[in-house]
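Peer 1: my_file_30.txt (compact mmCIF, C-alpha atoms) pasted underneath:
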```
# COMPACT_ATOMS: atom_id res chain seq x y z
CA ARG A 1 -90.65 46.13 31.04
CA SER A 2 -88.09 45.15 28.43
CA HIS A 3 -85.14 47.49 28.14
CA THR A 4 -82.06 47.40 25.89
CA PRO A 5 -78.88 48.17 27.79
CA PRO A 6 -76.70 51.03 26.47
CA SER A 7 -73.73 50.15 24.32
CA PRO A 8 -70.40 50.09 26.20
CA TYR A 9 -68.84 51.81 23.17
CA PRO A 10 -70.37 55.31 23.07
CA ARG A 11 -68.35 57.02 20.37
CA GLY A 12 -69.24 54.88 17.42
CA ILE A 13 -65.74 53.55 16.95
CA TRP A 14 -66.09 50.31 18.78
CA PRO A 15 -68.07 47.22 17.81
CA SER A 16 -71.32 46.22 19.36
CA HIS A 17 -71.89 42.58 20.23
CA ARG A 18 -74.94 40.42 20.56
CA ALA A 19 -75.18 37.17 22.39
CA PRO A 20 -75.18 34.09 20.14
CA GLU A 21 -78.60 32.60 19.55
CA HIS A 22 -77.75 29.49 21.52
CA GLN A 23 -76.77 31.55 24.56
CA ALA A 24 -79.49 32.03 27.14
CA PRO A 25 -80.12 35.57 28.36
CA VAL A 26 -79.46 36.38 31.96
CA THR A 27 -82.02 38.31 33.98
CA ALA A 28 -80.78 41.25 36.00
CA PRO A 29 -82.79 40.86 39.22
CA SER A 30 -82.48 44.52 40.24
CA ARG A 31 -84.41 45.83 37.23
CA GLY A 32 -85.98 42.73 35.81
CA MET A 33 -84.46 43.25 32.38
CA GLU A 34 -82.84 40.64 30.21
CA VAL A 35 -79.17 41.26 29.52
CA PRO A 36 -77.15 39.14 27.06
CA GLN A 37 -74.49 37.13 28.77
CA ARG A 38 -71.72 38.88 26.81
CA ASP A 39 -72.83 42.36 27.87
CA ARG A 40 -72.60 41.59 31.56
CA PRO A 41 -69.54 43.07 33.32
CA SER A 42 -66.89 40.44 33.70
CA VAL A 43 -66.07 39.81 37.34
CA GLU A 44 -63.18 37.48 37.98
CA GLN A 45 -63.79 34.95 40.68
CA PRO A 46 -61.12 34.50 43.36
CA GLY A 47 -58.34 32.27 42.09
CA MET A 48 -59.31 32.74 38.44
CA SER A 49 -56.59 33.99 36.05
CA PRO A 50 -57.45 36.37 33.19
CA ASP A 51 -57.96 34.88 29.76
CA PRO A 52 -54.50 34.94 28.11
CA SER A 53 -56.12 35.34 24.69
CA SER A 54 -57.94 38.54 25.63
CA VAL A 55 -56.79 41.83 24.15
CA ARG A 56 -56.37 43.22 27.65
CA ALA A 57 -54.07 40.40 28.77
CA LEU A 58 -51.95 40.63 25.61
CA VAL A 59 -51.60 44.41 25.82
CA GLU A 60 -50.54 44.16 29.46
CA ARG A 61 -48.04 41.45 28.53
CA TYR A 62 -46.64 43.59 25.75
CA LEU A 63 -46.17 46.54 28.11
CA ALA A 64 -44.49 44.28 30.67
CA GLU A 65 -42.24 42.24 28.35
CA GLU A 66 -41.65 44.05 25.05
CA SER A 67 -42.00 47.76 25.77
CA PRO A 68 -39.25 47.89 28.47
CA LEU A 69 -36.73 46.94 25.77
CA LYS A 70 -37.35 50.28 24.05
CA ALA A 71 -36.27 53.82 24.85
CA ALA A 72 -38.03 55.61 27.70
CA THR A 73 -39.90 57.96 25.36
CA THR A 74 -41.22 55.04 23.32
CA GLN A 75 -42.36 53.31 26.50
CA ARG A 76 -44.44 56.34 27.43
CA HIS A 77 -45.96 56.39 23.95
CA ASP A 78 -46.77 52.67 24.17
CA ALA A 79 -48.61 53.23 27.45
CA SER A 80 -50.70 55.96 25.82
CA TYR A 81 -51.50 53.78 22.79
CA ALA A 82 -52.44 50.92 25.11
CA SER A 83 -55.05 53.07 26.85
CA THR A 84 -56.72 53.83 23.53
CA VAL A 85 -56.72 50.19 22.44
CA LEU A 86 -58.06 48.92 25.76
CA GLU A 87 -60.83 51.50 25.73
CA ALA A 88 -61.89 50.11 22.38
CA TRP A 89 -61.24 46.40 22.62
CA GLY A 90 -60.37 45.60 26.22
CA ASP A 91 -63.26 43.12 26.54
CA LEU A 92 -62.56 41.30 23.26
CA SER A 93 -60.47 38.23 22.63
CA ILE A 94 -57.62 38.68 20.17
CA GLY A 95 -59.37 36.35 17.72
CA GLU A 96 -62.27 38.78 17.47
CA VAL A 97 -60.04 41.56 16.16
CA THR A 98 -60.72 41.32 12.42
CA PRO A 99 -59.29 43.27 9.46
CA GLY A 100 -62.60 45.08 9.04
CA LEU A 101 -62.69 46.07 12.69
CA VAL A 102 -59.11 47.35 12.51
CA SER A 103 -59.80 49.38 9.36
CA LYS A 104 -62.83 51.07 10.91
CA PHE A 105 -60.84 51.77 14.08
CA HIS A 106 -58.02 53.34 12.03
CA ARG A 107 -60.40 55.52 10.00
CA GLN A 108 -62.13 56.83 13.10
CA LEU A 109 -58.85 57.54 14.87
CA SER A 110 -57.57 59.37 11.78
CA ALA A 111 -60.61 61.63 11.80
CA GLN A 112 -60.68 62.23 15.56
CA ARG A 113 -57.03 62.23 16.62
CA GLY A 114 -55.06 62.83 13.44
CA PRO A 115 -53.54 60.62 10.71
CA ILE A 116 -50.07 60.32 12.24
CA LEU A 117 -51.24 59.23 15.68
CA ALA A 118 -53.67 56.78 14.03
CA ASN A 119 -50.70 55.17 12.26
CA ARG A 120 -48.75 54.89 15.50
CA ILE A 121 -51.63 53.21 17.31
CA LEU A 122 -52.12 50.86 14.36
CA SER A 123 -48.45 49.85 14.59
CA PHE A 124 -48.90 49.18 18.30
CA VAL A 125 -51.89 46.93 17.55
CA SER A 126 -49.81 45.11 14.94
CA GLN A 127 -47.08 44.34 17.48
CA VAL A 128 -49.61 43.06 20.00
CA CYS A 129 -51.08 40.77 17.31
CA ASP A 130 -47.58 39.52 16.45
CA LEU A 131 -47.15 38.62 20.12
CA ALA A 132 -50.41 36.65 19.96
CA GLU A 133 -49.21 34.77 16.88
CA ARG A 134 -45.96 33.80 18.58
CA ASP A 135 -48.00 32.25 21.40
CA ASP A 136 -50.38 30.47 18.99
CA LEU A 137 -53.28 32.63 20.17
CA ARG A 138 -53.89 33.63 16.54
CA PRO A 139 -53.20 31.63 13.37
CA ALA A 140 -49.83 32.28 11.75
CA GLU A 141 -49.73 35.15 9.26
CA SER A 142 -53.16 36.39 10.35
CA ASN A 143 -52.23 39.83 11.59
CA PRO A 144 -55.42 41.85 10.95
CA THR A 145 -53.60 45.18 10.56
CA ARG A 146 -51.96 44.20 7.27
CA ALA A 147 -55.10 44.90 5.26
CA THR A 148 -55.34 48.48 6.54
CA ARG A 149 -53.69 51.15 4.44
CA ARG A 150 -51.62 53.54 6.51
CA ASN A 151 -52.04 57.28 6.17
CA SER A 152 -49.41 59.08 4.13
CA GLU A 153 -46.61 60.66 6.14
CA HIS A 154 -44.19 63.20 4.74
CA ALA A 155 -40.94 63.87 6.52
CA ARG A 156 -40.35 67.51 7.27
CA THR A 157 -36.75 68.56 6.76
CA GLU A 158 -35.87 72.21 7.16
CA PHE A 159 -32.43 73.70 6.68
CA LEU A 160 -31.17 76.96 8.12
CA ALA A 161 -29.60 78.93 5.29
CA ALA A 162 -26.02 80.12 5.84
CA PRO A 163 -26.91 83.86 5.83
CA MET A 164 -29.60 83.31 8.46
CA ARG A 165 -27.22 81.24 10.60
CA VAL A 166 -24.64 84.04 10.46
CA ARG A 167 -27.27 86.58 11.52
CA PHE A 168 -28.22 84.41 14.50
CA ILE A 169 -24.60 84.08 15.60
CA GLU A 170 -23.96 87.80 15.23
CA ALA A 171 -27.09 88.62 17.25
CA ALA A 172 -26.02 86.20 20.00
CA ASN A 173 -22.52 87.71 20.09
CA THR A 174 -23.93 91.23 20.32
CA ALA A 175 -26.30 90.23 23.13
CA LEU A 176 -23.44 88.60 25.06
CA ALA A 177 -21.20 91.66 24.71
CA ALA A 178 -24.04 93.88 25.93
CA GLY A 179 -24.70 91.64 28.92
CA GLU A 180 -28.20 90.81 27.67
CA ILE A 181 -27.65 87.03 27.88
CA THR A 182 -25.42 84.87 30.05
CA ARG A 183 -22.33 83.15 28.69
CA SER A 184 -23.92 79.75 29.29
CA ALA A 185 -26.95 80.73 27.23
CA TRP A 186 -24.60 81.95 24.51
CA ILE A 187 -22.78 78.60 24.51
CA ILE A 188 -26.05 76.68 24.29
CA LEU A 189 -27.30 78.84 21.40
CA SER A 190 -23.98 78.46 19.59
CA LEU A 191 -24.04 74.66 19.91
CA LEU A 192 -27.62 74.53 18.68
CA LEU A 193 -26.74 76.56 15.60
CA LEU A 194 -23.22 75.33 14.83
CA ALA A 195 -23.35 71.67 15.84
CA GLY A 196 -27.04 70.83 15.41
CA VAL A 197 -27.32 69.29 18.86
CA ARG A 198 -30.64 68.82 20.61
CA TRP A 199 -31.75 71.18 23.34
CA SER A 200 -31.37 68.48 26.00
CA GLU A 201 -27.91 67.56 24.71
CA ALA A 202 -26.71 71.18 24.78
CA ARG A 203 -27.94 72.00 28.27
CA LEU A 204 -26.78 68.65 29.75
CA LEU A 205 -23.41 68.53 28.00
CA ARG A 206 -20.52 67.57 30.30
CA TRP A 207 -16.87 68.36 29.74
CA GLU A 208 -16.03 64.67 29.70
CA GLU A 209 -18.13 64.37 26.55
CA VAL A 210 -16.17 67.07 24.71
CA ASP A 211 -13.32 65.78 22.52
CA LEU A 212 -11.59 68.82 21.03
CA THR A 213 -8.68 66.73 19.79
CA ASN A 214 -10.94 64.82 17.42
CA LYS A 215 -13.39 67.73 17.05
CA CYS A 216 -16.49 65.91 18.22
CA LEU A 217 -18.96 65.42 21.04
CA ARG A 218 -19.44 61.89 22.38
CA PHE A 219 -22.58 61.73 24.49
CA LEU A 220 -22.29 59.24 27.32
CA PRO A 221 -25.19 57.05 28.56
CA ARG A 222 -27.72 59.16 30.38
CA GLY A 223 -28.10 59.14 34.14
CA GLU A 224 -31.14 59.93 36.25
CA THR A 225 -30.92 63.65 35.49
CA ARG A 226 -30.30 63.26 31.77
CA VAL A 227 -32.62 62.56 28.87
CA GLU A 228 -32.08 59.19 27.23
CA ASN A 229 -30.85 59.20 23.63
CA LYS A 230 -33.44 58.11 21.09
CA GLY A 231 -32.88 54.44 20.34
CA GLY A 232 -30.71 54.04 23.44
CA ASP A 233 -27.44 54.11 21.48
CA GLN A 234 -24.40 56.36 21.89
CA ARG A 235 -24.56 59.52 19.82
CA SER A 236 -21.58 61.42 18.42
CA ILE A 237 -21.57 64.77 16.63
CA ALA A 238 -18.74 66.35 14.66
CA LEU A 239 -17.73 69.92 15.53
CA ASN A 240 -16.60 72.61 13.11
CA ASP A 241 -13.79 75.03 13.92
CA ASP A 242 -16.13 77.76 15.21
CA ALA A 243 -17.79 75.39 17.67
CA CYS A 244 -14.39 74.13 18.86
CA ASP A 245 -13.21 77.71 19.44
CA ILE A 246 -16.29 78.47 21.52
CA LEU A 247 -15.72 75.41 23.71
CA ARG A 248 -12.01 76.19 24.14
CA LEU A 249 -12.85 79.66 25.43
CA ALA A 250 -15.66 78.50 27.71
CA PRO A 251 -14.80 78.73 31.43
CA ARG A 252 -14.71 75.42 33.28
CA VAL A 253 -16.54 76.30 36.47
CA SER A 254 -18.51 73.05 36.70
CA SER A 255 -18.65 69.54 35.29
CA TRP A 256 -21.35 70.93 32.98
CA VAL A 257 -20.28 72.93 29.94
CA ALA A 258 -23.08 75.54 30.16
CA PRO A 259 -24.42 75.58 33.72
CA ASN A 260 -26.65 78.10 35.45
CA ARG A 261 -24.22 80.66 36.85
CA ARG A 262 -26.01 80.73 40.21
CA THR A 263 -26.53 77.02 40.86
CA LEU A 264 -23.76 75.62 38.59
CA LYS A 265 -26.31 73.04 37.47
CA PRO A 266 -27.97 72.61 34.04
CA TYR A 267 -30.66 75.01 32.95
CA THR A 268 -34.21 73.73 32.80
CA ASP A 269 -35.47 76.71 30.81
CA ILE A 270 -33.35 78.87 28.54
CA ARG A 271 -35.86 81.73 28.37
CA LYS A 272 -34.76 83.20 31.71
CA PRO A 273 -31.08 83.68 30.77
CA LEU A 274 -32.20 85.02 27.39
CA ASP A 275 -34.48 87.56 29.04
```
Write out the structure in this file as structure tokens.
Peer 2:
Amino acid sequence: RSHTPPSPYPRGIWPSHRAPEHQAPVTAPSRGMEVPQRDRPSVEQPGMSPDPSSVRALVERYLAEESPLKAATTQRHDASYASTVLEAWGDLSIGEVTPGLVSKFHRQLSAQRGPILANRILSFVSQVCDLAERDDLRPAESNPTRATRRNSEHARTEFLAAPMRVRFIEAANTALAAGEITRSAWIILSLLLLAGVRWSEARLLRWEEVDLTNKCLRFLPRGETRVENKGGDQRSIALNDDACDILRLAPRVSSWVAPNRRTLKPYTDIRKPLD
């Protein structure tokens, strides 16, 4: 009895494909049904290399060649975007990725996973298509993502008003004097408020990165136990007089500026010393 195989794209985002009219159907002997050649699972024969023009091959190449040049956080994001793209188009060739297909993909992602993430995945697809163009696997200037309008993104910038910052500092000083927080936690809070450093930069700050003569922090390249700077470049932050005074008075009991007083190593969670 004739039976139509289920679509490999269950969520309605992905395209369905039919075998060209000139292509003969293949009979599945186990059930006696006719299955279009294109819908059959692709099984590589021994010694066969994957099609270099397939979306899967290009995404894997991008992750192997282009993504390692980026920061570690961006590499993790690329791997996540790749999973989404391969789930959608892993069996397609790059030439089958059309502007209409990309636009539908972007709309569905915007509705299901949010407008910002949809834009990030679209940018990832664009870079994979650029890689295909460089290898002549797509015509020049044929990137199919250019016709898709990105979702609007509005940068969120929030400033801590001076009176509120003073209240935070006073509360931290009171808690330190009462023994409610450790001195290391007080230093970390002070750097967050006075210097605008990141949480990872404050807890992993070393004395060799503190330059009180020039009133700045110069973060050195990260090691195995340190979080990599965004963009991979060296980051410097100016210090005001209050921040410099706090660092001058801080005890140097470790190579870390604000270590855990028990282990003399960086904190992993500031909530415990605050409690």
Peer 1: Between atom CA of A:Ile121 and atom CA of A:Val85, what distance in Å does the model show, to one decimal?
Peer 2: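 Result for atom CA of A:Ile121 versus atom CA of A:Val85: 7.8 Å, one decimal.
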Peer 1: Give one line per residue of stretch 150-202 of chain A that approaches stretch 99-119 of chain A to at most 9 Å, naming the two atoms of the closest pair and their distance in Å to one decimal, counting only C-alpha atoms; sort by chain then ascending residue number and deliver it as a Markdown table.
Peer 2:
```
| residue | atom | partner | partner_atom | distance |
| --- | --- | --- | --- | --- |
| A:Arg150 | CA | A:Asn119 | CA | 6.0 |
| A:Asn151 | CA | A:Pro115 | CA | 5.8 |
| A:Ser152 | CA | A:Pro115 | CA | 7.9 |
| A:Glu153 | CA | A:Ile116 | CA | 7.0 |
```
Peer 1: Between A:Ala202, A:Ile237, A:Val128, A:Ala172, single out the one closest to A:Glu65, counting all atoms listed in the file.
Peer 2: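 Checking each of A:Ala202, A:Ile237, A:Val128, A:Ala172 against A:Glu65, counting all atoms listed in the file, the winner is A:Val128.
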Peer 1: So what do you get for atom CA of A:Ala177 versus atom CA of A:Leu191, distance-wise?
Peer 2: 17.9 Å
Peer 1: Find the residue from A:Pro251, A:Gly196, A:Pro163, A:Pro144 that sits nearest to A:Arg183; use all atoms listed in the file when measuring.
Peer 2: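 Distance minimum relative to A:Arg183 lands on A:Pro251.
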Peer 1: Just want the 9 Å neighbourhood of A:Leu239, counted on only C-alpha atoms, with same-chain residues fewer than 5 positions away dropped. Output as a CSV table (one decimal) with C-alpha atoms, keeping the file's coordinate frame.
Peer 2:
```csv
chain,number,residue,atom,x,y,z
A,194,LEU,CA,-23.2,75.3,14.8
A,195,ALA,CA,-23.4,71.7,15.8
A,212,LEU,CA,-11.6,68.8,21.0
A,214,ASN,CA,-10.9,64.8,17.4
A,215,LYS,CA,-13.4,67.7,17.0
A,216,CYS,CA,-16.5,65.9,18.2
A,217,LEU,CA,-19.0,65.4,21.0
A,244,CYS,CA,-14.4,74.1,18.9
```
Peer 1: Just give me the gap between atom CA of A:Ser190 and atom CA of A:Thr73 in Å, one decimal is fine.
Peer 2: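 Atom-to-atom, atom CA of A:Ser190 to atom CA of A:Thr73, that is 26.6 Å.
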Peer 1: So, counting all atoms listed in the file, which residue among A:Val97, A:Val210, A:Leu58, A:Leu264 is closest to A:Arg134?
Peer 2: A:Leu58
Peer 1: Select, from A:Arg165, A:Arg235, A:Arg218, A:Arg206, the residue with the minimum atom-to-atom distance to A:Trp256, counting all atoms listed in the file.
Peer 2: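 Closest residue, counting all atoms listed in the file: A:Arg206.
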Peer 1: Please, can stretch 140-173 of chain A be completed to N, CA and C atoms and returned as an mmCIF file, in the coordinates of the input?
Peer 2:
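Output (out_34.cif):
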```
data_model
loop_
_atom_site.group_PDB
_atom_site.id
_atom_site.type_symbol
_atom_site.label_atom_id
_atom_site.label_comp_id
_atom_site.auth_asym_id
_atom_site.auth_seq_id
_atom_site.Cartn_x
_atom_site.Cartn_y
_atom_site.Cartn_z
ATOM 1 N N ALA A 140 -51.022 31.657 12.334
ATOM 2 C CA ALA A 140 -49.830 32.280 11.750
ATOM 3 C C ALA A 140 -50.210 33.129 10.548
ATOM 4 N N GLU A 141 -49.513 34.237 10.377
ATOM 5 C CA GLU A 141 -49.730 35.150 9.260
ATOM 6 C C GLU A 141 -51.161 35.667 9.181
ATOM 7 N N SER A 142 -51.765 35.915 10.327
ATOM 8 C CA SER A 142 -53.160 36.390 10.350
ATOM 9 C C SER A 142 -53.291 37.780 10.940
ATOM 10 N N ASN A 143 -52.188 38.501 10.990
ATOM 11 C CA ASN A 143 -52.230 39.830 11.590
ATOM 12 C C ASN A 143 -53.281 40.690 10.898
ATOM 13 N N PRO A 144 -54.317 41.149 11.596
ATOM 14 C CA PRO A 144 -55.420 41.850 10.950
ATOM 15 C C PRO A 144 -55.098 43.283 10.530
ATOM 16 N N THR A 145 -53.935 43.790 10.923
ATOM 17 C CA THR A 145 -53.600 45.180 10.560
ATOM 18 C C THR A 145 -53.009 45.283 9.157
ATOM 19 N N ARG A 146 -52.636 44.150 8.564
ATOM 20 C CA ARG A 146 -51.960 44.200 7.270
ATOM 21 C C ARG A 146 -52.879 44.673 6.152
ATOM 22 N N ALA A 147 -54.169 44.488 6.300
ATOM 23 C CA ALA A 147 -55.100 44.900 5.260
ATOM 24 C C ALA A 147 -55.439 46.389 5.327
ATOM 25 N N THR A 148 -55.011 47.060 6.375
ATOM 26 C CA THR A 148 -55.340 48.480 6.540
ATOM 27 C C THR A 148 -54.242 49.336 5.927
ATOM 28 N N ARG A 149 -54.646 50.257 5.087
ATOM 29 C CA ARG A 149 -53.690 51.150 4.440
ATOM 30 C C ARG A 149 -53.344 52.294 5.393
ATOM 31 N N ARG A 150 -52.073 52.460 5.633
ATOM 32 C CA ARG A 150 -51.620 53.540 6.510
ATOM 33 C C ARG A 150 -51.831 54.898 5.845
ATOM 34 N N ASN A 151 -51.967 55.919 6.679
ATOM 35 C CA ASN A 151 -52.040 57.280 6.170
ATOM 36 C C ASN A 151 -50.675 57.730 5.676
ATOM 37 N N SER A 152 -50.667 58.576 4.679
ATOM 38 C CA SER A 152 -49.410 59.080 4.130
ATOM 39 C C SER A 152 -48.723 59.976 5.154
ATOM 40 N N GLU A 153 -47.410 59.816 5.258
ATOM 41 C CA GLU A 153 -46.610 60.660 6.140
ATOM 42 C C GLU A 153 -45.461 61.236 5.330
ATOM 43 N N HIS A 154 -45.255 62.526 5.478
ATOM 44 C CA HIS A 154 -44.190 63.200 4.740
ATOM 45 C C HIS A 154 -43.204 63.791 5.746
ATOM 46 N N ALA A 155 -41.965 63.366 5.628
ATOM 47 C CA ALA A 155 -40.940 63.870 6.520
ATOM 48 C C ALA A 155 -40.711 65.352 6.283
ATOM 49 N N ARG A 156 -40.583 66.077 7.370
ATOM 50 C CA ARG A 156 -40.350 67.510 7.270
ATOM 51 C C ARG A 156 -38.879 67.796 7.582
ATOM 52 N N THR A 157 -38.158 68.240 6.589
ATOM 53 C CA THR A 157 -36.750 68.560 6.760
ATOM 54 C C THR A 157 -36.551 70.028 6.417
ATOM 55 N N GLU A 158 -36.088 70.788 7.373
ATOM 56 C CA GLU A 158 -35.870 72.210 7.160
ATOM 57 C C GLU A 158 -34.394 72.528 7.418
ATOM 58 N N PHE A 159 -33.840 73.333 6.559
ATOM 59 C CA PHE A 159 -32.430 73.700 6.680
ATOM 60 C C PHE A 159 -32.337 75.201 6.946
ATOM 61 N N LEU A 160 -31.411 75.553 7.820
ATOM 62 C CA LEU A 160 -31.170 76.960 8.120
ATOM 63 C C LEU A 160 -30.120 77.461 7.137
ATOM 64 N N ALA A 161 -30.511 78.398 6.302
ATOM 65 C CA ALA A 161 -29.600 78.930 5.290
ATOM 66 C C ALA A 161 -28.400 79.597 5.962
ATOM 67 N N ALA A 162 -27.254 79.567 5.278
ATOM 68 C CA ALA A 162 -26.020 80.120 5.840
ATOM 69 C C ALA A 162 -26.163 81.583 6.238
ATOM 70 N N PRO A 163 -26.765 82.447 5.412
ATOM 71 C CA PRO A 163 -26.910 83.860 5.830
ATOM 72 C C PRO A 163 -27.730 84.008 7.112
ATOM 73 N N MET A 164 -28.779 83.231 7.260
ATOM 74 C CA MET A 164 -29.600 83.310 8.460
ATOM 75 C C MET A 164 -28.822 82.806 9.678
ATOM 76 N N ARG A 165 -28.028 81.765 9.493
ATOM 77 C CA ARG A 165 -27.220 81.240 10.600
ATOM 78 C C ARG A 165 -26.205 82.290 11.053
ATOM 79 N N VAL A 166 -25.590 82.992 10.113
ATOM 80 C CA VAL A 166 -24.640 84.040 10.460
ATOM 81 C C VAL A 166 -25.324 85.158 11.233
ATOM 82 N N ARG A 167 -26.530 85.527 10.830
ATOM 83 C CA ARG A 167 -27.270 86.580 11.520
ATOM 84 C C ARG A 167 -27.582 86.168 12.970
ATOM 85 N N PHE A 168 -27.948 84.894 13.151
ATOM 86 C CA PHE A 168 -28.220 84.410 14.500
ATOM 87 C C PHE A 168 -26.968 84.493 15.381
ATOM 88 N N ILE A 169 -25.840 84.059 14.840
ATOM 89 C CA ILE A 169 -24.600 84.080 15.600
ATOM 90 C C ILE A 169 -24.194 85.510 15.943
ATOM 91 N N GLU A 170 -24.316 86.408 14.983
ATOM 92 C CA GLU A 170 -23.960 87.800 15.230
ATOM 93 C C GLU A 170 -24.864 88.415 16.304
ATOM 94 N N ALA A 171 -26.152 88.099 16.248
ATOM 95 C CA ALA A 171 -27.090 88.620 17.250
ATOM 96 C C ALA A 171 -26.744 88.082 18.636
ATOM 97 N N ALA A 172 -26.387 86.785 18.710
ATOM 98 C CA ALA A 172 -26.020 86.200 20.000
ATOM 99 C C ALA A 172 -24.734 86.833 20.539
ATOM 100 N N ASN A 173 -23.768 87.085 19.658
ATOM 101 C CA ASN A 173 -22.520 87.710 20.090
ATOM 102 C C ASN A 173 -22.762 89.131 20.604
#
```
